[in-house]
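Student: First, the structure itself, so that you have it in front of you.
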Amino acid sequence: MVVLRRVSESVKDYDTIRYTTCDNMCESGCGMKVYLKDGRIVDIWGDDEHPQNYGSLCPKGTANYQHAYNPLRAKYPVIREDNVNGKFRRVTWDEALDFVADRLKYIREKWGAHTVACHRTGRSSYGNKLGGSRFLAMYGTPNIYGQGPLCCESPGARGQYVFGAKEFLRLMNPCQDAMNSDTIFISGANAAALEVITMKWFIEAQDRNGAKMIVIDPRFNATMAKADLALRLRPTTDAYLANALAHVLIYEIDGIDKDFIERWTVGFEKYAELVKDYTPEKAENITWVPAEDIRKAAEWIAYPRRTHFTGCLGTAQQYNAGNGNAAYQILVAITGNVGVKGGGWNWLHNCRPVLSAGKDLKEYVAKIKEPQLADKIIPWGDTSSACTINPGYTGKPYPVKGLIWNGNHIVQWPNNNKVREYMKNLYCGVHLSFHPNETMSWMHAAFPITSFFEHEGVVHHGNNRHVQWHNQIIERQWECRADIDFWAGLAKRFEFAEAYYAPDGKSWWAKKDVFGNPLPEDPKYPGTTHEIDERVCQNWFHSQESFVAGITVELMDPEMSPKGGVMWPAETKDEAMMYSDPEATIRGAQWIMYKEGVNYPGTDKRFPTPSGKVEIYSQALEQIGWYPLPIHIEPSNAPVARPDLWEKYPLILCTGRLVAHFHEMGHWWPWMVELEPHRFINIHTELAKALGIRDGDTVVCENDYGKVIGPAWVNEMVDEGEVWGPEGFDKYQPFYPYSNINELVDDTVKDPFYTQAQYKCNLVRVYRLGDDPDKAVEKTKEFLAKVKRTPKDYLDPEKEPTVNLGTYTRFIQKGSGIYYVGVPREKWETK
């Protein structure tokens with residue numbers, strides 16, 4: 001077994017060692033060895049026995065010490081009647097829960113239960129994801145949203161139509177299997193910065209086995225620094241690039257697995273006909289990637305080479321996400337990398353198991369008559385909570401009067417200024433708070449939530465399709481409680497209380513905490529306390545879904561069972577205890593999914609599609625009006641689609657994350673802030689010269705949606721026609737407060753397939769603070785003409801069949817960045 005890094009014991013003074021799992025700081029799911037003295041954490045190390053990280057930890061893992069004891073955290077429940085001008089007042093948990101319950105009951109009576117929405121972020125525990133879903137279904141609203149359609153779930157949604165899956169396509173091969181790969185293919189994922197431990201497996205494959213690494217991204221980053229071949233593409237042109245790779249494989253080098261295609265696919269001939277026109281030379285014009293590099297990449301993924309295909313948010317947060325990801329998935333199939341070691345479609349963040357908030361919810365859901373606020377093509381899966389922004393602001397098709405959420409999505413949703421106007425229309429805004437961030441500042445009630453060291457629960461994200469357990473290591477700080485305690489406490493105050501927290505007659509309420517201390521009974525609600533027994537609760541949730549039914553708490557707990565948790569699907573305890581392959585280091589029934597001779601769980605097919613094969617051409621999508629083959633469609637905020645808007649905003653803005661921060665996490669911790677403090681604007685060296693901008697100058701980046709101001713980072717990491725800015729910042733954070741880059745992101749035109757917001761491509765202008773913006777635009781356009789980055793330098797969509805425009809064109813108001821109804825920018829500027 002490969003050893004990533006062995007660690008020594010802590011040099012701190014300690015009396016106890018506990019084992020747990022890092023939860024929701026990324027998707028790697030690393031084992032932790034926590035050192036304590038008198039019940040207080042003194043040091044955090046990676047668990048050297050854990051098969052994912054073998055002792056390694058990234059900075060976020062180690063810095064969680066500062067999260068647990070952070071004096072800047074939200075500490076106490078607070079409420080107020082007026083969320084715009086009122087002041088918070090500290091109250092007890094019971095008083096705050098009574099306040100929220102009364103307002104939710106009023107909303108249900110006056111406007112209807114459907115006017116309450118809930119967003120549970122990707123950093124949520126099982127208690128918030130499933131506990132929240134359960135409460136809201138019983139309450140009667142269809143507007144229950146998860147993080148996936150804002151984050152990276154569209155690849156899995158589209159993959160369901162290619163390979164078939166129960167719900168979403170998830171990772172086929174674990175990251176450890178990259179050790180069997182000839183090539184590591186990474187698109188839209190800066191794994192070296194954001195999935196550090198997962199990335200170490202890819203580097204091991206390079207260093208020990210000579211694997212080639214191809215990295216595709218609009219910006220040169222830490223992952224590209226490790227690449228053997230770096231392809232810097234124009235944001236959101238993945239479908240064109242993947243189709244050009246397929247063109248080379250099919251027509252130039254005979255690099256496809258003809259046997260697999262003949263026996264296990266349908267629609268290949270139609271796809272081959274489609275990509276005939278997607279030549280590398282045309283692709284160079286559209287994607288910025290040199291034709292010779294496209295050909296070299298095709299050679300490195302050609303059959304019979306084994307390629308580990310992976311990626312992340314970069315391929316998801318774009319208008320053409322459905323088609324781009326389908327094109328990558330087809331590459332996996334036609335090169336024969338399905339169900340084999342060293343291969344697989346293994347998109348990061350596409351790892352969460354199939355979940356159920358309870359089979360008993362069917363009767364509640366059946367009573368809900370109003371449609372969900374959504375605008376995606378496919379009739380299943382999650383929906384982007386950003387679909388509530390316009391209804392929340394306009395009241396159409398119906399208003400949003402209640403909103404319950406966690407995280408910091410006022411600034412992580414697109415078009416922050418419009419979102420702030422939406423918040424003014426709420427009657428009951430509720431925040432489950434780690435930090436007193438901007439989202440909390442717009443709410444009526446806020447509840448302080450525990451870190452993962454202060455409660456126990458399931459770690460449901462893991463880049464190996466595994467679910468794990470995190471143990472409660474320390475006492476709960478201040479008046480913080482687990483988020484499941486919020487939902488169960490709220491349920492107490494409604495008519496469905498017993499059905500919520502005692503669905504099989506066994507109450508979830510704990511009589512003692514995990515340290516054995518008795519919990520007082522709630523005098524107002526006999527038989528309850530203020531704390532849920534998460535082991536009882538989570539075992540019940542798993543019993544409701546066959547894919548995880550065999551995965552019980554004792555099999556996940558790293559202090560009770562082998563480290564690393566259990567890979568799903570595992571329908572029985574026997575499956576959860578088995579090592580299904582001689583190379584498997586994590587238990588579970590399927591180390592590699594879609595192997596020949598093995599049926600997909602619960603079916604009699606290898607591929608659970610209508611045809612029982614990989615559907616390169618999807619009749620199912622054709623029937624609902626979507627593209628059956630993956631074509632290139634230009635994003636709505638790009639020079640090709642909007643030459644008129646380019647005249648005013650001639651630069652492409654792409655956004656992403658930094659190594660030190662995961663959304664709001666890290667921005668409130670001094671150790672992380674020291675690593676990467678600034679929300680900079682990354683600008684190309686030559687463009688900066690043309691605009692008179694020097695490294696570190698304060699610059700303005702703006703468009704019709706808003707304006708952000710910050711330091712320029714001048715280098716050649718970005719293309720001449722592009723700028724880049726990191727998300728996650730908040731003007732309320734205590735260290736280096738900045739407005740969020742998402743102020744510049746369109747909220748209305750989203751990926752029609754799965755409603756992913758277009759975080760990766762928006763048109764902006766950049767100028768030095770104090771300079772004339774109009775003159776800066778003219779200088780920018782003069783420079784872009786020299787480097788051939790103007791609209792006329794690209795293939796013309798009116799003449800070139802491989803370049804398509806989306807349905808958004810019917811809504812464009814000429815000369816504006818606003819869609820549907822042109823609204824002046826002043827309307828969205830919040831003073």
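Chain labels run A, B, ... following the order of the structure tokens; each chain numbers its residues from 1, and ligands are numbered from 1 in the order shown.
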Set the distance at 9 Å and use only C-alpha atoms: which residues neighbour Met423 (chain A) once local chain neighbours fewer than 6 positions away are removed? I'd like the list as a list in words.

Tutor: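 Answer for this query is Asn83, Val84, Gly392, Tyr393, Leu403, Ile410, Gly429, Trp442 and Met443 of chain A.
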
Student: Export C-alpha atoms of the chosen residues as a short mmCIF file (atom, residue, chain, number, x, y, z; two decimals), in the first residue's frame?

Tutor:
data_model
loop_
_atom_site.label_atom_id
_atom_site.label_comp_id
_atom_site.auth_asym_id
_atom_site.auth_seq_id
_atom_site.Cartn_x
_atom_site.Cartn_y
_atom_site.Cartn_z
CA ASN A 83 -34.86 42.12 9.83
CA VAL A 84 -33.92 45.38 8.10
CA GLY A 392 -38.47 36.35 -3.65
CA TYR A 393 -37.96 39.80 -5.13
CA LEU A 403 -36.42 31.18 4.44
CA ILE A 410 -26.52 35.92 0.46
CA GLY A 429 -35.72 34.52 7.96
CA TRP A 442 -30.49 39.82 7.19
CA MET A 443 -32.40 37.28 9.33
#

Student: Using only C-alpha atoms, which protein or nucleic acid residues come within 9 Å of Pro601 (chain A)? Drop anything in the same chain fewer than 6 positions from it, and give the result as a ChimeraX atom specification.

Tutor: /A:166,547,569,571

Student: May I have the residues from that selection written out with N, CA and C atoms, as a PDB file, in the first residue's frame?

Tutor:
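Final output, saved to result.pdb:
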ATOM      1  N   LYS A 166     -29.057   5.142  -9.808  1.00  0.00           N
ATOM      2  CA  LYS A 166     -30.147   5.472  -8.901  1.00  0.00           C
ATOM      3  C   LYS A 166     -29.919   6.917  -8.476  1.00  0.00           C
ATOM      4  N   PHE A 547     -29.538   1.587  -0.473  1.00  0.00           N
ATOM      5  CA  PHE A 547     -28.128   1.722  -0.825  1.00  0.00           C
ATOM      6  C   PHE A 547     -27.213   1.879   0.384  1.00  0.00           C
ATOM      7  N   PRO A 569     -22.713   1.435  -2.738  1.00  0.00           N
ATOM      8  CA  PRO A 569     -23.846   0.822  -2.047  1.00  0.00           C
ATOM      9  C   PRO A 569     -23.428  -0.350  -1.165  1.00  0.00           C
ATOM     10  N   GLU A 571     -26.059  -2.759   0.916  1.00  0.00           N
ATOM     11  CA  GLU A 571     -27.455  -2.959   1.307  1.00  0.00           C
ATOM     12  C   GLU A 571     -27.603  -3.813   2.557  1.00  0.00           C
TER      13      GLU A 571
END

Student: Return as a list of chain:residue names the full set of residues in region 192-397 of chain A whose backbone-based DSSP assignment is strand (DSSP E).

Tutor: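 In region 192-397 of chain A, DSSP puts these residues in strand (DSSP E): A:Lys212, A:Met213, A:Ile214, A:Val215, A:Ile216, A:Asp217, A:Leu229, A:Ala230, A:Leu231, A:Arg232, A:Thr265, A:Val266, A:Thr307, A:His308, A:Phe309, A:Thr310, A:Gly311.
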
Student: Keeping N, CA and C atoms for every residue in the selection just given, could you write it to a file as a short mmCIF file (atom, residue, chain, number, x, y, z; two decimals), in the first residue's frame?

Tutor:
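Just written: selection25.cif:
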data_model
loop_
_atom_site.label_atom_id
_atom_site.label_comp_id
_atom_site.auth_asym_id
_atom_site.auth_seq_id
_atom_site.Cartn_x
_atom_site.Cartn_y
_atom_site.Cartn_z
N LYS A 212 0.79 9.98 -16.81
CA LYS A 212 0.73 11.32 -17.36
C LYS A 212 -0.45 12.06 -16.75
N MET A 213 -0.29 13.35 -16.51
CA MET A 213 -1.38 14.15 -15.96
C MET A 213 -1.74 15.28 -16.92
N ILE A 214 -3.01 15.30 -17.32
CA ILE A 214 -3.56 16.37 -18.16
C ILE A 214 -4.47 17.22 -17.27
N VAL A 215 -4.26 18.52 -17.26
CA VAL A 215 -5.09 19.42 -16.44
C VAL A 215 -5.68 20.50 -17.32
N ILE A 216 -6.99 20.67 -17.22
CA ILE A 216 -7.74 21.63 -18.04
C ILE A 216 -8.38 22.65 -17.11
N ASP A 217 -8.12 23.92 -17.32
CA ASP A 217 -8.69 24.95 -16.47
C ASP A 217 -8.50 26.30 -17.16
N LEU A 229 0.71 18.04 -19.11
CA LEU A 229 0.12 18.79 -20.22
C LEU A 229 -0.97 19.68 -19.64
N ALA A 230 -0.80 20.99 -19.73
CA ALA A 230 -1.76 21.95 -19.20
C ALA A 230 -2.52 22.60 -20.35
N LEU A 231 -3.84 22.50 -20.30
CA LEU A 231 -4.70 23.07 -21.34
C LEU A 231 -5.52 24.19 -20.71
N ARG A 232 -5.17 25.43 -21.03
CA ARG A 232 -5.89 26.57 -20.47
C ARG A 232 -6.97 26.99 -21.46
N THR A 265 -22.65 0.15 -25.98
CA THR A 265 -23.14 1.51 -26.18
C THR A 265 -24.22 1.55 -27.25
N VAL A 266 -25.02 2.61 -27.19
CA VAL A 266 -25.97 2.91 -28.27
C VAL A 266 -25.76 4.36 -28.68
N THR A 307 -7.35 5.58 -18.22
CA THR A 307 -7.41 6.99 -17.83
C THR A 307 -8.41 7.19 -16.69
N HIS A 308 -7.95 7.84 -15.66
CA HIS A 308 -8.77 8.24 -14.52
C HIS A 308 -9.30 9.64 -14.84
N PHE A 309 -10.57 9.72 -15.23
CA PHE A 309 -11.19 11.00 -15.59
C PHE A 309 -11.79 11.64 -14.35
N THR A 310 -11.41 12.88 -14.07
CA THR A 310 -11.97 13.56 -12.91
C THR A 310 -12.09 15.06 -13.19
N GLY A 311 -12.86 15.74 -12.37
CA GLY A 311 -13.08 17.17 -12.52
C GLY A 311 -13.88 17.67 -11.34
#

Student: What is the CA of Glu495 (chain A) to CA of Val78 (chain A) distance in Å?

Tutor: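 Atom-to-atom, CA of Glu495 (chain A) and CA of Val78 (chain A) are spaced 25.0 Å apart.
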
Student: Write out as a list in words all residues of region 680-729 of chain A that DSSP puts in helix (DSSP H, G or I) for this structure's backbone.

Tutor: Thr685, Glu686, Leu687, Ala688, Lys689, Ala690 and Leu691 of chain A

Student: Provide the CA of Glu292 (chain A) to CA of Leu245 (chain A) distance in Å, to one decimal place.

Tutor: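 Between CA of Glu292 (chain A) and CA of Leu245 (chain A) the gap works out to 11.1 Å.
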
Student: Which residue is closest to Lys401 (chain A)? Choose from A:Tyr427, A:Gly39, A:Gly46, A:Arg219 and count only C-alpha atoms.

Tutor: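 Counting only C-alpha atoms, the residue closest to Lys401 (chain A) is A:Tyr427.
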
Student: Taking only C-alpha atoms into account, name the residue in A:Gln472, A:Val338, A:Phe220, A:Ala499 that is nearest to His684 (chain A).

Tutor: A:Phe220

Student: For region 626-639 of chain A, list every protein, DNA or RNA residue within 6 Å, evaluated using only C-alpha atoms, and leave out those in the same chain fewer than 4 positions away; present the list as a list of chain:residue names.

Tutor: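 The residues that qualify are A:Ala239, A:Tyr240, A:Tyr319, A:Asn320, A:Asn323, A:Ala327, A:Tyr617, A:Ser618, A:Leu621, A:Glu622, A:Pro643, A:Trp646, A:Asn762, A:Leu763, A:Pro791, A:Asn804, A:Leu805.
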
Student: Please provide the set of residues having any atom within 10 Å of Lys362 (chain A), restricted to only C-alpha atoms, with same-chain residues fewer than 5 positions apart removed, written as a ChimeraX atom specification.

Tutor: /A:137-138,367

Student: So that I can check the surroundings of His466 (chain A), please list as a short mmCIF file (atom, residue, chain, number, x, y, z; two decimals) with C-alpha atoms, in the first residue's frame every protein, DNA and RNA residue that reaches within 6 Å of it, counting only C-alpha atoms and ignoring chain neighbours fewer than 4 positions away.

Tutor:
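And here's result.cif as it stands now:
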data_model
loop_
_atom_site.label_atom_id
_atom_site.label_comp_id
_atom_site.auth_asym_id
_atom_site.auth_seq_id
_atom_site.Cartn_x
_atom_site.Cartn_y
_atom_site.Cartn_z
CA GLY A 462 -16.16 11.43 0.38
CA VAL A 566 -17.87 2.13 4.23
CA MET A 567 -18.27 2.55 0.47
CA TRP A 568 -21.84 2.56 -0.73
#

Student: Take CA of Gly565 (chain A) and CA of Thr20 (chain A) and report the distance between them in Å, one decimal.

Tutor: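 Separation between CA of Gly565 (chain A) and CA of Thr20 (chain A): 10.7 Å.
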
Student: Would you pick out the contacts of His114 (chain A) at 10 Å or less, using only C-alpha atoms, so that residues sharing its chain but fewer than 4 positions from it are not included, and give the list as a PyMOL selection string?

Tutor: chain A and resi 107-108+136+139-144+368-373+398-402

Student: Suppose we keep N, CA and C atoms; can you now write the selection as a PDB file, in the first residue's frame?

Tutor:
ATOM      1  N   ILE A 107     -47.328  32.220   8.584  1.00  0.00           N
ATOM      2  CA  ILE A 107     -47.104  32.146   7.132  1.00  0.00           C
ATOM      3  C   ILE A 107     -47.999  31.084   6.517  1.00  0.00           C
ATOM      4  N   ARG A 108     -48.060  29.915   7.150  1.00  0.00           N
ATOM      5  CA  ARG A 108     -48.859  28.821   6.601  1.00  0.00           C
ATOM      6  C   ARG A 108     -50.327  29.215   6.500  1.00  0.00           C
ATOM      7  N   LEU A 136     -39.678  20.011   6.707  1.00  0.00           N
ATOM      8  CA  LEU A 136     -40.340  20.857   5.721  1.00  0.00           C
ATOM      9  C   LEU A 136     -41.353  20.091   4.889  1.00  0.00           C
ATOM     10  N   TYR A 139     -44.252  19.989   7.124  1.00  0.00           N
ATOM     11  CA  TYR A 139     -44.828  21.330   7.192  1.00  0.00           C
ATOM     12  C   TYR A 139     -45.668  21.627   5.949  1.00  0.00           C
ATOM     13  N   GLY A 140     -45.201  21.130   4.791  1.00  0.00           N
ATOM     14  CA  GLY A 140     -46.023  21.258   3.596  1.00  0.00           C
ATOM     15  C   GLY A 140     -45.482  22.114   2.474  1.00  0.00           C
ATOM     16  N   THR A 141     -44.155  22.308   2.413  1.00  0.00           N
ATOM     17  CA  THR A 141     -43.604  23.113   1.320  1.00  0.00           C
ATOM     18  C   THR A 141     -42.853  22.248   0.323  1.00  0.00           C
ATOM     19  N   PRO A 142     -42.938  22.579  -0.978  1.00  0.00           N
ATOM     20  CA  PRO A 142     -42.117  21.876  -1.976  1.00  0.00           C
ATOM     21  C   PRO A 142     -40.736  22.492  -2.127  1.00  0.00           C
ATOM     22  N   ASN A 143     -40.496  23.637  -1.489  1.00  0.00           N
ATOM     23  CA  ASN A 143     -39.288  24.416  -1.757  1.00  0.00           C
ATOM     24  C   ASN A 143     -38.151  24.057  -0.798  1.00  0.00           C
ATOM     25  N   ILE A 144     -37.659  22.840  -0.980  1.00  0.00           N
ATOM     26  CA  ILE A 144     -36.564  22.296  -0.182  1.00  0.00           C
ATOM     27  C   ILE A 144     -35.376  22.131  -1.124  1.00  0.00           C
ATOM     28  N   ILE A 368     -49.010  18.198  -0.939  1.00  0.00           N
ATOM     29  CA  ILE A 368     -48.475  19.464  -1.437  1.00  0.00           C
ATOM     30  C   ILE A 368     -48.933  19.662  -2.886  1.00  0.00           C
ATOM     31  N   LYS A 369     -49.659  20.704  -3.150  1.00  0.00           N
ATOM     32  CA  LYS A 369     -50.235  20.932  -4.479  1.00  0.00           C
ATOM     33  C   LYS A 369     -49.461  21.959  -5.308  1.00  0.00           C
ATOM     34  N   GLU A 370     -48.792  22.881  -4.640  1.00  0.00           N
ATOM     35  CA  GLU A 370     -48.112  23.936  -5.367  1.00  0.00           C
ATOM     36  C   GLU A 370     -46.795  23.423  -5.939  1.00  0.00           C
ATOM     37  N   PRO A 371     -46.384  23.912  -7.118  1.00  0.00           N
ATOM     38  CA  PRO A 371     -45.115  23.482  -7.708  1.00  0.00           C
ATOM     39  C   PRO A 371     -43.928  24.132  -7.010  1.00  0.00           C
ATOM     40  N   GLN A 372     -42.810  23.462  -7.067  1.00  0.00           N
ATOM     41  CA  GLN A 372     -41.571  24.037  -6.555  1.00  0.00           C
ATOM     42  C   GLN A 372     -41.123  25.196  -7.439  1.00  0.00           C
ATOM     43  N   LEU A 373     -40.476  26.183  -6.839  1.00  0.00           N
ATOM     44  CA  LEU A 373     -39.873  27.259  -7.610  1.00  0.00           C
ATOM     45  C   LEU A 373     -38.620  26.706  -8.277  1.00  0.00           C
ATOM     46  N   TYR A 398     -45.219  33.128  -7.031  1.00  0.00           N
ATOM     47  CA  TYR A 398     -45.761  33.357  -5.695  1.00  0.00           C
ATOM     48  C   TYR A 398     -44.606  33.825  -4.816  1.00  0.00           C
ATOM     49  N   PRO A 399     -44.900  34.477  -3.694  1.00  0.00           N
ATOM     50  CA  PRO A 399     -43.825  35.064  -2.894  1.00  0.00           C
ATOM     51  C   PRO A 399     -43.087  34.024  -2.057  1.00  0.00           C
ATOM     52  N   VAL A 400     -41.911  34.406  -1.599  1.00  0.00           N
ATOM     53  CA  VAL A 400     -41.176  33.635  -0.589  1.00  0.00           C
ATOM     54  C   VAL A 400     -41.216  34.470   0.685  1.00  0.00           C
ATOM     55  N   LYS A 401     -41.920  33.970   1.693  1.00  0.00           N
ATOM     56  CA  LYS A 401     -42.097  34.727   2.940  1.00  0.00           C
ATOM     57  C   LYS A 401     -41.255  34.167   4.090  1.00  0.00           C
ATOM     58  N   GLY A 402     -40.847  32.920   3.970  1.00  0.00           N
ATOM     59  CA  GLY A 402     -39.993  32.317   4.987  1.00  0.00           C
ATOM     60  C   GLY A 402     -38.790  31.661   4.330  1.00  0.00           C
TER      61      GLY A 402
END
